[in-house]
Every structure is written in C-alpha cells, then in structure tokens.
$ cat my_file-v3.txt   # compact mmCIF, N, CA and C atoms
# COMPACT_ATOMS: atom_id res chain seq x y z
N MET A 22 79.30 102.70 98.99
CA MET A 22 80.63 103.16 98.64
C MET A 22 81.02 104.30 99.58
N ALA A 23 82.26 104.29 99.98
CA ALA A 23 82.77 105.32 100.87
C ALA A 23 83.45 106.40 100.04
N GLU A 24 83.46 107.61 100.57
CA GLU A 24 84.13 108.70 99.89
C GLU A 24 85.47 108.97 100.53
N CYS A 25 86.42 109.40 99.73
CA CYS A 25 87.72 109.79 100.25
C CYS A 25 88.09 111.12 99.61
N MET A 26 89.08 111.75 100.17
CA MET A 26 89.53 113.02 99.63
C MET A 26 90.97 112.87 99.16
N HIS A 27 91.23 113.34 97.96
CA HIS A 27 92.61 113.40 97.47
C HIS A 27 93.25 114.66 98.02
N ASN A 28 94.55 114.77 97.87
CA ASN A 28 95.27 115.95 98.35
C ASN A 28 94.74 117.23 97.73
N ASN A 29 94.22 117.15 96.51
CA ASN A 29 93.74 118.35 95.84
C ASN A 29 92.31 118.72 96.25
N GLY A 30 91.73 117.97 97.20
CA GLY A 30 90.41 118.30 97.72
C GLY A 30 89.26 117.69 96.95
N LYS A 31 89.51 117.00 95.85
CA LYS A 31 88.45 116.37 95.07
C LYS A 31 88.08 115.03 95.70
N THR A 32 86.80 114.69 95.60
CA THR A 32 86.36 113.41 96.14
C THR A 32 86.44 112.34 95.06
N CYS A 33 86.55 111.12 95.50
CA CYS A 33 86.54 109.98 94.59
C CYS A 33 85.78 108.85 95.26
N CYS A 34 85.49 107.85 94.52
CA CYS A 34 84.80 106.68 95.08
C CYS A 34 85.80 105.57 95.31
N GLU A 35 85.72 104.95 96.46
CA GLU A 35 86.52 103.77 96.75
C GLU A 35 85.66 102.56 96.48
N ARG A 36 86.25 101.59 95.82
CA ARG A 36 85.52 100.36 95.55
C ARG A 36 86.15 99.25 96.39
N HIS A 37 85.32 98.39 96.91
CA HIS A 37 85.79 97.30 97.75
C HIS A 37 85.09 96.01 97.34
N THR A 38 85.76 94.90 97.57
CA THR A 38 85.18 93.60 97.34
C THR A 38 85.26 92.82 98.64
N TRP A 39 84.13 92.37 99.12
CA TRP A 39 84.13 91.54 100.32
C TRP A 39 84.57 90.14 99.91
N ARG A 40 85.51 89.58 100.68
CA ARG A 40 85.98 88.21 100.44
C ARG A 40 85.76 87.40 101.69
N ASN A 41 85.33 86.15 101.51
CA ASN A 41 85.18 85.31 102.69
C ASN A 41 86.57 84.97 103.23
N ALA A 42 86.61 84.49 104.46
CA ALA A 42 87.88 84.26 105.14
C ALA A 42 88.77 83.28 104.39
N GLU A 43 88.20 82.23 103.83
CA GLU A 43 88.99 81.22 103.12
C GLU A 43 89.62 81.79 101.85
N GLU A 44 88.84 82.55 101.08
CA GLU A 44 89.37 83.15 99.85
C GLU A 44 90.49 84.13 100.19
N LYS A 45 90.28 84.97 101.20
CA LYS A 45 91.29 85.94 101.60
C LYS A 45 92.56 85.23 102.07
N LYS A 46 92.39 84.15 102.83
CA LYS A 46 93.53 83.39 103.33
C LYS A 46 94.36 82.83 102.18
N LYS A 47 93.69 82.27 101.17
CA LYS A 47 94.39 81.70 100.01
C LYS A 47 95.14 82.78 99.22
N LEU A 48 94.48 83.92 99.00
CA LEU A 48 95.12 85.00 98.25
C LEU A 48 96.34 85.53 99.01
N LEU A 49 96.20 85.74 100.30
CA LEU A 49 97.32 86.26 101.09
C LEU A 49 98.47 85.27 101.16
N ALA A 50 98.16 83.98 101.27
CA ALA A 50 99.22 82.97 101.30
C ALA A 50 99.99 82.96 99.98
N ARG A 51 99.27 83.08 98.89
CA ARG A 51 99.92 83.11 97.58
C ARG A 51 100.81 84.35 97.46
N LEU A 52 100.32 85.50 97.93
CA LEU A 52 101.13 86.73 97.88
C LEU A 52 102.37 86.61 98.75
N ARG A 53 102.26 85.96 99.88
CA ARG A 53 103.43 85.79 100.76
C ARG A 53 104.47 84.89 100.10
N ARG A 54 104.02 83.87 99.38
CA ARG A 54 104.96 83.02 98.66
C ARG A 54 105.67 83.82 97.56
N ILE A 55 104.91 84.66 96.86
CA ILE A 55 105.49 85.51 95.82
C ILE A 55 106.51 86.47 96.45
N GLU A 56 106.15 87.04 97.58
CA GLU A 56 107.06 87.94 98.29
C GLU A 56 108.37 87.22 98.63
N GLY A 57 108.27 85.97 99.06
CA GLY A 57 109.46 85.18 99.35
C GLY A 57 110.31 84.95 98.11
N GLN A 58 109.64 84.71 96.99
CA GLN A 58 110.38 84.53 95.74
C GLN A 58 111.12 85.81 95.36
N ILE A 59 110.48 86.94 95.56
CA ILE A 59 111.12 88.23 95.22
C ILE A 59 112.32 88.47 96.14
N ARG A 60 112.16 88.17 97.43
CA ARG A 60 113.30 88.31 98.36
C ARG A 60 114.44 87.37 97.93
N GLY A 61 114.08 86.18 97.47
CA GLY A 61 115.10 85.25 96.97
C GLY A 61 115.84 85.84 95.78
N LEU A 62 115.12 86.49 94.89
CA LEU A 62 115.76 87.15 93.74
C LEU A 62 116.72 88.24 94.20
N GLU A 63 116.29 89.02 95.18
CA GLU A 63 117.15 90.07 95.73
C GLU A 63 118.47 89.49 96.23
N LYS A 64 118.36 88.41 96.99
CA LYS A 64 119.56 87.77 97.55
C LYS A 64 120.44 87.21 96.44
N MET A 65 119.83 86.67 95.42
CA MET A 65 120.61 86.14 94.31
C MET A 65 121.42 87.24 93.65
N VAL A 66 120.81 88.40 93.44
CA VAL A 66 121.52 89.53 92.84
C VAL A 66 122.62 90.01 93.79
N GLU A 67 122.28 90.15 95.06
CA GLU A 67 123.28 90.59 96.05
C GLU A 67 124.47 89.65 96.10
N ASN A 68 124.23 88.34 95.91
CA ASN A 68 125.29 87.34 96.00
C ASN A 68 125.91 87.01 94.64
N ASP A 69 125.63 87.85 93.64
CA ASP A 69 126.20 87.68 92.30
C ASP A 69 125.92 86.29 91.72
N ALA A 70 124.70 85.83 91.86
CA ALA A 70 124.32 84.53 91.31
C ALA A 70 124.42 84.56 89.79
N TYR A 71 124.52 83.40 89.21
CA TYR A 71 124.64 83.22 87.77
C TYR A 71 123.36 83.71 87.09
N CYS A 72 123.50 84.50 86.04
CA CYS A 72 122.35 85.14 85.37
C CYS A 72 121.24 84.16 85.00
N PRO A 73 121.54 83.01 84.36
CA PRO A 73 120.45 82.09 84.03
C PRO A 73 119.69 81.59 85.26
N ASP A 74 120.39 81.43 86.39
CA ASP A 74 119.71 81.02 87.62
C ASP A 74 118.74 82.09 88.10
N ILE A 75 119.17 83.35 88.01
CA ILE A 75 118.30 84.46 88.40
C ILE A 75 117.10 84.52 87.46
N LEU A 76 117.34 84.36 86.17
CA LEU A 76 116.25 84.40 85.20
C LEU A 76 115.23 83.30 85.44
N MET A 77 115.69 82.13 85.81
CA MET A 77 114.75 81.03 86.11
C MET A 77 113.90 81.36 87.33
N GLN A 78 114.52 81.93 88.36
CA GLN A 78 113.78 82.32 89.56
C GLN A 78 112.80 83.46 89.24
N SER A 79 113.24 84.39 88.41
CA SER A 79 112.38 85.50 88.01
C SER A 79 111.17 84.99 87.22
N SER A 80 111.41 84.03 86.35
CA SER A 80 110.33 83.43 85.58
C SER A 80 109.33 82.73 86.50
N ALA A 81 109.83 82.04 87.51
CA ALA A 81 108.95 81.38 88.47
C ALA A 81 108.11 82.39 89.23
N ALA A 82 108.70 83.52 89.59
CA ALA A 82 107.96 84.57 90.29
C ALA A 82 106.88 85.16 89.38
N ALA A 83 107.22 85.37 88.11
CA ALA A 83 106.25 85.91 87.16
C ALA A 83 105.07 84.94 86.99
N CYS A 84 105.38 83.64 86.91
CA CYS A 84 104.31 82.63 86.80
C CYS A 84 103.43 82.64 88.05
N ALA A 85 104.04 82.83 89.21
CA ALA A 85 103.26 82.89 90.45
C ALA A 85 102.33 84.10 90.46
N ILE A 86 102.79 85.22 89.95
CA ILE A 86 101.94 86.42 89.86
C ILE A 86 100.80 86.18 88.87
N HIS A 87 101.10 85.56 87.74
CA HIS A 87 100.04 85.24 86.76
C HIS A 87 99.01 84.30 87.38
N SER A 88 99.46 83.35 88.14
CA SER A 88 98.56 82.42 88.81
C SER A 88 97.67 83.15 89.82
N PHE A 89 98.27 84.07 90.56
CA PHE A 89 97.49 84.91 91.50
C PHE A 89 96.43 85.69 90.74
N ASN A 90 96.82 86.29 89.62
CA ASN A 90 95.87 87.08 88.82
C ASN A 90 94.72 86.21 88.31
N ARG A 91 95.03 85.00 87.87
CA ARG A 91 93.97 84.10 87.38
C ARG A 91 93.00 83.76 88.52
N GLN A 92 93.55 83.47 89.69
CA GLN A 92 92.71 83.14 90.84
C GLN A 92 91.81 84.32 91.20
N LEU A 93 92.37 85.51 91.22
CA LEU A 93 91.59 86.71 91.56
C LEU A 93 90.55 87.01 90.49
N LEU A 94 90.92 86.85 89.22
CA LEU A 94 89.98 87.08 88.13
C LEU A 94 88.81 86.10 88.20
N GLU A 95 89.11 84.84 88.47
CA GLU A 95 88.04 83.86 88.59
C GLU A 95 87.08 84.22 89.72
N ALA A 96 87.63 84.63 90.85
CA ALA A 96 86.78 85.02 91.98
C ALA A 96 85.92 86.23 91.62
N HIS A 97 86.50 87.17 90.87
CA HIS A 97 85.75 88.37 90.46
C HIS A 97 84.60 87.99 89.53
N ILE A 98 84.87 87.12 88.57
CA ILE A 98 83.83 86.71 87.62
C ILE A 98 82.73 85.93 88.34
N ARG A 99 83.13 84.96 89.16
CA ARG A 99 82.15 84.13 89.86
C ARG A 99 81.38 84.90 90.93
N GLY A 100 81.97 85.96 91.45
CA GLY A 100 81.33 86.73 92.50
C GLY A 100 80.68 88.00 91.97
N CYS A 101 81.47 89.04 91.85
CA CYS A 101 80.97 90.38 91.50
C CYS A 101 80.21 90.41 90.17
N VAL A 102 80.83 89.86 89.13
CA VAL A 102 80.22 89.93 87.79
C VAL A 102 78.93 89.11 87.74
N THR A 103 78.99 87.88 88.22
CA THR A 103 77.82 87.00 88.21
C THR A 103 76.67 87.59 89.01
N GLU A 104 77.00 88.15 90.16
CA GLU A 104 75.96 88.75 91.02
C GLU A 104 75.26 89.89 90.30
N GLU A 105 76.03 90.75 89.65
CA GLU A 105 75.41 91.88 88.96
C GLU A 105 74.55 91.42 87.79
N ILE A 106 75.00 90.39 87.06
CA ILE A 106 74.20 89.87 85.94
C ILE A 106 72.87 89.33 86.47
N ARG A 107 72.92 88.59 87.58
CA ARG A 107 71.68 88.07 88.18
C ARG A 107 70.72 89.19 88.56
N GLU A 108 71.28 90.35 88.93
CA GLU A 108 70.46 91.49 89.32
C GLU A 108 70.03 92.32 88.12
N GLY A 109 70.43 91.90 86.91
CA GLY A 109 70.00 92.59 85.70
C GLY A 109 70.94 93.67 85.22
N GLY A 110 72.08 93.84 85.86
CA GLY A 110 73.03 94.87 85.45
C GLY A 110 74.09 94.33 84.52
N GLU A 111 74.76 95.24 83.83
CA GLU A 111 75.84 94.85 82.92
C GLU A 111 77.09 95.69 83.10
N GLY A 112 77.10 96.58 84.07
CA GLY A 112 78.25 97.45 84.28
C GLY A 112 79.53 96.69 84.57
N LYS A 113 79.45 95.64 85.37
CA LYS A 113 80.63 94.85 85.72
C LYS A 113 81.15 94.08 84.50
N VAL A 114 80.25 93.68 83.60
CA VAL A 114 80.67 93.00 82.37
C VAL A 114 81.47 93.97 81.51
N ASP A 115 80.95 95.18 81.36
CA ASP A 115 81.67 96.21 80.59
C ASP A 115 83.02 96.50 81.23
N GLU A 116 83.02 96.64 82.55
CA GLU A 116 84.26 96.90 83.28
C GLU A 116 85.26 95.76 83.07
N LEU A 117 84.77 94.52 83.13
CA LEU A 117 85.62 93.34 82.92
C LEU A 117 86.21 93.34 81.51
N CYS A 118 85.39 93.61 80.53
CA CYS A 118 85.87 93.64 79.14
C CYS A 118 86.95 94.71 78.96
N ASN A 119 86.73 95.88 79.53
CA ASN A 119 87.73 96.96 79.46
C ASN A 119 89.03 96.56 80.16
N MET A 120 88.89 95.94 81.32
CA MET A 120 90.06 95.51 82.08
C MET A 120 90.86 94.48 81.28
N LEU A 121 90.16 93.50 80.70
CA LEU A 121 90.83 92.46 79.91
C LEU A 121 91.55 93.06 78.70
N GLN A 122 90.95 94.07 78.09
CA GLN A 122 91.61 94.75 76.97
C GLN A 122 92.95 95.34 77.41
N LYS A 123 92.97 95.95 78.60
CA LYS A 123 94.20 96.55 79.12
C LYS A 123 95.22 95.49 79.51
N LEU A 124 94.76 94.41 80.11
CA LEU A 124 95.66 93.36 80.58
C LEU A 124 96.29 92.59 79.42
N MET A 125 95.62 92.54 78.29
CA MET A 125 96.09 91.71 77.19
C MET A 125 96.91 92.49 76.16
N LYS A 126 97.30 93.69 76.48
CA LYS A 126 98.14 94.48 75.56
C LYS A 126 99.53 93.91 75.49
$ encode --input "my_file-v3.txt" --output "structure tokens"
Amino acid sequence: MAECMHNNGKTCCERHTWRNAEEKKKLLARLRRIEGQIRGLEKMVENDAYCPDILMQSSAAACAIHSFNRQLLEAHIRGCVTEEIREGGEGKVDELCNMLQKLMK
C-alpha cells in the first residue's frame, strides 16, 4: 500500500485493485457508453425535449450504472474477496458486508 498526504498533513492508505487488460477494457468501455448516455441527457434538456423522453433516457443511464456496479462487484468477489478467503483472511468479507449494507439503503 502506498501512502499519501492530505492537505492537513495526515497520512492515509490508498487501496488499489490490479485488473487484467481485458477486465479494464470492458469496464472502461461500459463507462464510456454511460458517459455518452449522460451527454445525450444533457442535449435533451438543452433542446427542451419532452419530459417522458428524458425520463426514459435517464432510466436507461441508471440501468447502465447498475449494470456497471454488478460487473465490478462480481469481479471484486471473484478476485479480491476469494483470494483473501483462500489465504485464510476474512477482512474483505467484512468489508463487503459493510459495503452491501450501505449500497442497499
């Protein structure tokens, strides 16, 4: 783990996840598609598009973000969490449970 300094001079830990090239490529492609959907929403608002049309596009963007989150969560469970369990640790399981509690509010 690398250390960084905040503006107030306190150190913190940075956490990183190594991703293989294919996984990173898929995640970035999905994010770029989402970015395009958001730009489309912007243009719809700028062009005074009909509210239900904007809502449908917004819903599609939200679904795309949820899909991205599911893909990332699966990779985390299959990678980081599984690896730590194999090594006899449970910290990532606790972290995952806490994260899921926050996400499901």
$ residues_around --input "my_file-v3.txt" --residues "stretch 48-54 of chain A" --least-positions-apart "6" --cutoff "12 Å" --atoms "only C-alpha atoms" --output "ChimeraX atom specification"
/A:40-42,60-61,81-94,96
$ atom_distance --input "my_file-v3.txt" --atom1 "atom C of A:Asp74" --atom2 "atom CA of A:Leu62"
8.1 Å
$ axis_aligned_box --input "my_file-v3.txt" --around "stretch 34-49 of chain A" --padding-each-side "4 Å" --output "JSON"
{"center_x": 91.3, "center_y": 94.5, "center_z": 99.8, "size_x": 22.3, "size_y": 34.6, "size_z": 18.6}
$ select_by_dssp --input "my_file-v3.txt" --residues "stretch 30-91 of chain A" --states "alpha helix (DSSP H)" --output "PDB file with N, CA and C atoms, in the frame of the given file"
ATOM      1  N   ALA A  42      86.610  84.490 104.460  1.00  0.00           N
ATOM      2  CA  ALA A  42      87.880  84.260 105.140  1.00  0.00           C
ATOM      3  C   ALA A  42      88.770  83.280 104.390  1.00  0.00           C
ATOM      4  N   GLU A  43      88.200  82.230 103.830  1.00  0.00           N
ATOM      5  CA  GLU A  43      88.990  81.220 103.120  1.00  0.00           C
ATOM      6  C   GLU A  43      89.620  81.790 101.850  1.00  0.00           C
ATOM      7  N   GLU A  44      88.840  82.550 101.080  1.00  0.00           N
ATOM      8  CA  GLU A  44      89.370  83.150  99.850  1.00  0.00           C
ATOM      9  C   GLU A  44      90.490  84.130 100.190  1.00  0.00           C
ATOM     10  N   LYS A  45      90.280  84.970 101.200  1.00  0.00           N
ATOM     11  CA  LYS A  45      91.290  85.940 101.600  1.00  0.00           C
ATOM     12  C   LYS A  45      92.560  85.230 102.070  1.00  0.00           C
ATOM     13  N   LYS A  46      92.390  84.150 102.830  1.00  0.00           N
ATOM     14  CA  LYS A  46      93.530  83.390 103.330  1.00  0.00           C
ATOM     15  C   LYS A  46      94.360  82.830 102.180  1.00  0.00           C
ATOM     16  N   LYS A  47      93.690  82.270 101.170  1.00  0.00           N
ATOM     17  CA  LYS A  47      94.390  81.700 100.010  1.00  0.00           C
ATOM     18  C   LYS A  47      95.140  82.780  99.220  1.00  0.00           C
ATOM     19  N   LEU A  48      94.480  83.920  99.000  1.00  0.00           N
ATOM     20  CA  LEU A  48      95.120  85.000  98.250  1.00  0.00           C
ATOM     21  C   LEU A  48      96.340  85.530  99.010  1.00  0.00           C
ATOM     22  N   LEU A  49      96.200  85.740 100.300  1.00  0.00           N
ATOM     23  CA  LEU A  49      97.320  86.260 101.090  1.00  0.00           C
ATOM     24  C   LEU A  49      98.470  85.270 101.160  1.00  0.00           C
ATOM     25  N   ALA A  50      98.160  83.980 101.270  1.00  0.00           N
ATOM     26  CA  ALA A  50      99.220  82.970 101.300  1.00  0.00           C
ATOM     27  C   ALA A  50      99.990  82.960  99.980  1.00  0.00           C
ATOM     28  N   ARG A  51      99.270  83.080  98.890  1.00  0.00           N
ATOM     29  CA  ARG A  51      99.920  83.110  97.580  1.00  0.00           C
ATOM     30  C   ARG A  51     100.810  84.350  97.460  1.00  0.00           C
ATOM     31  N   LEU A  52     100.320  85.500  97.930  1.00  0.00           N
ATOM     32  CA  LEU A  52     101.130  86.730  97.880  1.00  0.00           C
ATOM     33  C   LEU A  52     102.370  86.610  98.750  1.00  0.00           C
ATOM     34  N   ARG A  53     102.260  85.960  99.880  1.00  0.00           N
ATOM     35  CA  ARG A  53     103.430  85.790 100.760  1.00  0.00           C
ATOM     36  C   ARG A  53     104.470  84.890 100.100  1.00  0.00           C
ATOM     37  N   ARG A  54     104.020  83.870  99.380  1.00  0.00           N
ATOM     38  CA  ARG A  54     104.960  83.020  98.660  1.00  0.00           C
ATOM     39  C   ARG A  54     105.670  83.820  97.560  1.00  0.00           C
ATOM     40  N   ILE A  55     104.910  84.660  96.860  1.00  0.00           N
ATOM     41  CA  ILE A  55     105.490  85.510  95.820  1.00  0.00           C
ATOM     42  C   ILE A  55     106.510  86.470  96.450  1.00  0.00           C
ATOM     43  N   GLU A  56     106.150  87.040  97.580  1.00  0.00           N
ATOM     44  CA  GLU A  56     107.060  87.940  98.290  1.00  0.00           C
ATOM     45  C   GLU A  56     108.370  87.220  98.630  1.00  0.00           C
ATOM     46  N   GLY A  57     108.270  85.970  99.060  1.00  0.00           N
ATOM     47  CA  GLY A  57     109.460  85.180  99.350  1.00  0.00           C
ATOM     48  C   GLY A  57     110.310  84.950  98.110  1.00  0.00           C
ATOM     49  N   GLN A  58     109.640  84.710  96.990  1.00  0.00           N
ATOM     50  CA  GLN A  58     110.380  84.530  95.740  1.00  0.00           C
ATOM     51  C   GLN A  58     111.120  85.810  95.360  1.00  0.00           C
ATOM     52  N   ILE A  59     110.480  86.940  95.560  1.00  0.00           N
ATOM     53  CA  ILE A  59     111.120  88.230  95.220  1.00  0.00           C
ATOM     54  C   ILE A  59     112.320  88.470  96.140  1.00  0.00           C
ATOM     55  N   ARG A  60     112.160  88.170  97.430  1.00  0.00           N
ATOM     56  CA  ARG A  60     113.300  88.310  98.360  1.00  0.00           C
ATOM     57  C   ARG A  60     114.440  87.370  97.930  1.00  0.00           C
ATOM     58  N   GLY A  61     114.080  86.180  97.470  1.00  0.00           N
ATOM     59  CA  GLY A  61     115.100  85.250  96.970  1.00  0.00           C
ATOM     60  C   GLY A  61     115.840  85.840  95.780  1.00  0.00           C
ATOM     61  N   LEU A  62     115.120  86.490  94.890  1.00  0.00           N
ATOM     62  CA  LEU A  62     115.760  87.150  93.740  1.00  0.00           C
ATOM     63  C   LEU A  62     116.720  88.240  94.200  1.00  0.00           C
ATOM     64  N   GLU A  63     116.290  89.020  95.180  1.00  0.00           N
ATOM     65  CA  GLU A  63     117.150  90.070  95.730  1.00  0.00           C
ATOM     66  C   GLU A  63     118.470  89.490  96.230  1.00  0.00           C
ATOM     67  N   LYS A  64     118.360  88.410  96.990  1.00  0.00           N
ATOM     68  CA  LYS A  64     119.560  87.770  97.550  1.00  0.00           C
ATOM     69  C   LYS A  64     120.440  87.210  96.440  1.00  0.00           C
ATOM     70  N   MET A  65     119.830  86.670  95.420  1.00  0.00           N
ATOM     71  CA  MET A  65     120.610  86.140  94.310  1.00  0.00           C
ATOM     72  C   MET A  65     121.420  87.240  93.650  1.00  0.00           C
ATOM     73  N   VAL A  66     120.810  88.400  93.440  1.00  0.00           N
ATOM     74  CA  VAL A  66     121.520  89.530  92.840  1.00  0.00           C
ATOM     75  C   VAL A  66     122.620  90.010  93.790  1.00  0.00           C
ATOM     76  N   GLU A  67     122.280  90.150  95.060  1.00  0.00           N
ATOM     77  CA  GLU A  67     123.280  90.590  96.050  1.00  0.00           C
ATOM     78  C   GLU A  67     124.470  89.650  96.100  1.00  0.00           C
ATOM     79  N   CYS A  72     123.500  84.500  86.040  1.00  0.00           N
ATOM     80  CA  CYS A  72     122.350  85.140  85.370  1.00  0.00           C
ATOM     81  C   CYS A  72     121.240  84.160  85.000  1.00  0.00           C
ATOM     82  N   PRO A  73     121.540  83.010  84.360  1.00  0.00           N
ATOM     83  CA  PRO A  73     120.450  82.090  84.030  1.00  0.00           C
ATOM     84  C   PRO A  73     119.690  81.590  85.260  1.00  0.00           C
ATOM     85  N   ASP A  74     120.390  81.430  86.390  1.00  0.00           N
ATOM     86  CA  ASP A  74     119.710  81.020  87.620  1.00  0.00           C
ATOM     87  C   ASP A  74     118.740  82.090  88.100  1.00  0.00           C
ATOM     88  N   ILE A  75     119.170  83.350  88.010  1.00  0.00           N
ATOM     89  CA  ILE A  75     118.300  84.460  88.400  1.00  0.00           C
ATOM     90  C   ILE A  75     117.100  84.520  87.460  1.00  0.00           C
ATOM     91  N   LEU A  76     117.340  84.360  86.170  1.00  0.00           N
ATOM     92  CA  LEU A  76     116.250  84.400  85.200  1.00  0.00           C
ATOM     93  C   LEU A  76     115.230  83.300  85.440  1.00  0.00           C
ATOM     94  N   MET A  77     115.690  82.130  85.810  1.00  0.00           N
ATOM     95  CA  MET A  77     114.750  81.030  86.110  1.00  0.00           C
ATOM     96  C   MET A  77     113.900  81.360  87.330  1.00  0.00           C
ATOM     97  N   GLN A  78     114.520  81.930  88.360  1.00  0.00           N
ATOM     98  CA  GLN A  78     113.780  82.320  89.560  1.00  0.00           C
ATOM     99  C   GLN A  78     112.800  83.460  89.240  1.00  0.00           C
ATOM    100  N   SER A  79     113.240  84.390  88.410  1.00  0.00           N
ATOM    101  CA  SER A  79     112.380  85.500  88.010  1.00  0.00           C
ATOM    102  C   SER A  79     111.170  84.990  87.220  1.00  0.00           C
ATOM    103  N   SER A  80     111.410  84.030  86.350  1.00  0.00           N
ATOM    104  CA  SER A  80     110.330  83.430  85.580  1.00  0.00           C
ATOM    105  C   SER A  80     109.330  82.730  86.500  1.00  0.00           C
ATOM    106  N   ALA A  81     109.830  82.040  87.510  1.00  0.00           N
ATOM    107  CA  ALA A  81     108.950  81.380  88.470  1.00  0.00           C
ATOM    108  C   ALA A  81     108.110  82.390  89.230  1.00  0.00           C
ATOM    109  N   ALA A  82     108.700  83.520  89.590  1.00  0.00           N
ATOM    110  CA  ALA A  82     107.960  84.570  90.290  1.00  0.00           C
ATOM    111  C   ALA A  82     106.880  85.160  89.380  1.00  0.00           C
ATOM    112  N   ALA A  83     107.220  85.370  88.110  1.00  0.00           N
ATOM    113  CA  ALA A  83     106.250  85.910  87.160  1.00  0.00           C
ATOM    114  C   ALA A  83     105.070  84.940  86.990  1.00  0.00           C
ATOM    115  N   CYS A  84     105.380  83.640  86.910  1.00  0.00           N
ATOM    116  CA  CYS A  84     104.310  82.630  86.800  1.00  0.00           C
ATOM    117  C   CYS A  84     103.430  82.640  88.050  1.00  0.00           C
ATOM    118  N   ALA A  85     104.040  82.830  89.210  1.00  0.00           N
ATOM    119  CA  ALA A  85     103.260  82.890  90.450  1.00  0.00           C
ATOM    120  C   ALA A  85     102.330  84.100  90.460  1.00  0.00           C
ATOM    121  N   ILE A  86     102.790  85.220  89.950  1.00  0.00           N
ATOM    122  CA  ILE A  86     101.940  86.420  89.860  1.00  0.00           C
ATOM    123  C   ILE A  86     100.800  86.180  88.870  1.00  0.00           C
ATOM    124  N   HIS A  87     101.100  85.560  87.740  1.00  0.00           N
ATOM    125  CA  HIS A  87     100.040  85.240  86.760  1.00  0.00           C
ATOM    126  C   HIS A  87      99.010  84.300  87.380  1.00  0.00           C
ATOM    127  N   SER A  88      99.460  83.350  88.140  1.00  0.00           N
ATOM    128  CA  SER A  88      98.560  82.420  88.810  1.00  0.00           C
ATOM    129  C   SER A  88      97.670  83.150  89.820  1.00  0.00           C
ATOM    130  N   PHE A  89      98.270  84.070  90.560  1.00  0.00           N
ATOM    131  CA  PHE A  89      97.490  84.910  91.500  1.00  0.00           C
ATOM    132  C   PHE A  89      96.430  85.690  90.740  1.00  0.00           C
ATOM    133  N   ASN A  90      96.820  86.290  89.620  1.00  0.00           N
ATOM    134  CA  ASN A  90      95.870  87.080  88.820  1.00  0.00           C
ATOM    135  C   ASN A  90      94.720  86.210  88.310  1.00  0.00           C
ATOM    136  N   ARG A  91      95.030  85.000  87.870  1.00  0.00           N
ATOM    137  CA  ARG A  91      93.970  84.100  87.380  1.00  0.00           C
ATOM    138  C   ARG A  91      93.000  83.760  88.520  1.00  0.00           C
TER     139      ARG A  91
END
$ atom_distance --input "my_file-v3.txt" --atom1 "atom CA of A:Gly100" --atom2 "atom C of A:Glu56"
27.7 Å
$ select_by_dssp --input "my_file-v3.txt" --residues "chain A" --states "strand (DSSP E)" --output "MDAnalysis selection string"
chainID A and resid 23:26 32:35
$ build_atoms --input "my_file-v3.txt" --residues "stretch 39-50 of chain A" --atoms "N, CA, C and O atoms" --output "PDB file, in the frame of the given file"
ATOM      1  N   TRP A  39      84.130  92.370  99.120  1.00  0.00           N
ATOM      2  CA  TRP A  39      84.130  91.540 100.320  1.00  0.00           C
ATOM      3  C   TRP A  39      84.570  90.140  99.910  1.00  0.00           C
ATOM      4  O   TRP A  39      84.112  89.582  98.928  1.00  0.00           O
ATOM      5  N   ARG A  40      85.510  89.580 100.680  1.00  0.00           N
ATOM      6  CA  ARG A  40      85.980  88.210 100.440  1.00  0.00           C
ATOM      7  C   ARG A  40      85.760  87.400 101.690  1.00  0.00           C
ATOM      8  O   ARG A  40      86.003  87.875 102.794  1.00  0.00           O
ATOM      9  N   ASN A  41      85.330  86.150 101.510  1.00  0.00           N
ATOM     10  CA  ASN A  41      85.180  85.310 102.690  1.00  0.00           C
ATOM     11  C   ASN A  41      86.570  84.970 103.230  1.00  0.00           C
ATOM     12  O   ASN A  41      87.586  85.156 102.559  1.00  0.00           O
ATOM     13  N   ALA A  42      86.610  84.490 104.460  1.00  0.00           N
ATOM     14  CA  ALA A  42      87.880  84.260 105.140  1.00  0.00           C
ATOM     15  C   ALA A  42      88.770  83.280 104.390  1.00  0.00           C
ATOM     16  O   ALA A  42      89.997  83.471 104.304  1.00  0.00           O
ATOM     17  N   GLU A  43      88.200  82.230 103.830  1.00  0.00           N
ATOM     18  CA  GLU A  43      88.990  81.220 103.120  1.00  0.00           C
ATOM     19  C   GLU A  43      89.620  81.790 101.850  1.00  0.00           C
ATOM     20  O   GLU A  43      90.794  81.551 101.567  1.00  0.00           O
ATOM     21  N   GLU A  44      88.840  82.550 101.080  1.00  0.00           N
ATOM     22  CA  GLU A  44      89.370  83.150  99.850  1.00  0.00           C
ATOM     23  C   GLU A  44      90.490  84.130 100.190  1.00  0.00           C
ATOM     24  O   GLU A  44      91.554  84.127  99.547  1.00  0.00           O
ATOM     25  N   LYS A  45      90.280  84.970 101.200  1.00  0.00           N
ATOM     26  CA  LYS A  45      91.290  85.940 101.600  1.00  0.00           C
ATOM     27  C   LYS A  45      92.560  85.230 102.070  1.00  0.00           C
ATOM     28  O   LYS A  45      93.669  85.625 101.718  1.00  0.00           O
ATOM     29  N   LYS A  46      92.390  84.150 102.830  1.00  0.00           N
ATOM     30  CA  LYS A  46      93.530  83.390 103.330  1.00  0.00           C
ATOM     31  C   LYS A  46      94.360  82.830 102.180  1.00  0.00           C
ATOM     32  O   LYS A  46      95.591  82.904 102.190  1.00  0.00           O
ATOM     33  N   LYS A  47      93.690  82.270 101.170  1.00  0.00           N
ATOM     34  CA  LYS A  47      94.390  81.700 100.010  1.00  0.00           C
ATOM     35  C   LYS A  47      95.140  82.780  99.220  1.00  0.00           C
ATOM     36  O   LYS A  47      96.287  82.578  98.818  1.00  0.00           O
ATOM     37  N   LEU A  48      94.480  83.920  99.000  1.00  0.00           N
ATOM     38  CA  LEU A  48      95.120  85.000  98.250  1.00  0.00           C
ATOM     39  C   LEU A  48      96.340  85.530  99.010  1.00  0.00           C
ATOM     40  O   LEU A  48      97.404  85.749  98.410  1.00  0.00           O
ATOM     41  N   LEU A  49      96.200  85.740 100.300  1.00  0.00           N
ATOM     42  CA  LEU A  49      97.320  86.260 101.090  1.00  0.00           C
ATOM     43  C   LEU A  49      98.470  85.270 101.160  1.00  0.00           C
ATOM     44  O   LEU A  49      99.646  85.661 101.090  1.00  0.00           O
ATOM     45  N   ALA A  50      98.160  83.980 101.270  1.00  0.00           N
ATOM     46  CA  ALA A  50      99.220  82.970 101.300  1.00  0.00           C
ATOM     47  C   ALA A  50      99.990  82.960  99.980  1.00  0.00           C
ATOM     48  O   ALA A  50     101.229  82.884  99.967  1.00  0.00           O
TER      49      ALA A  50
END
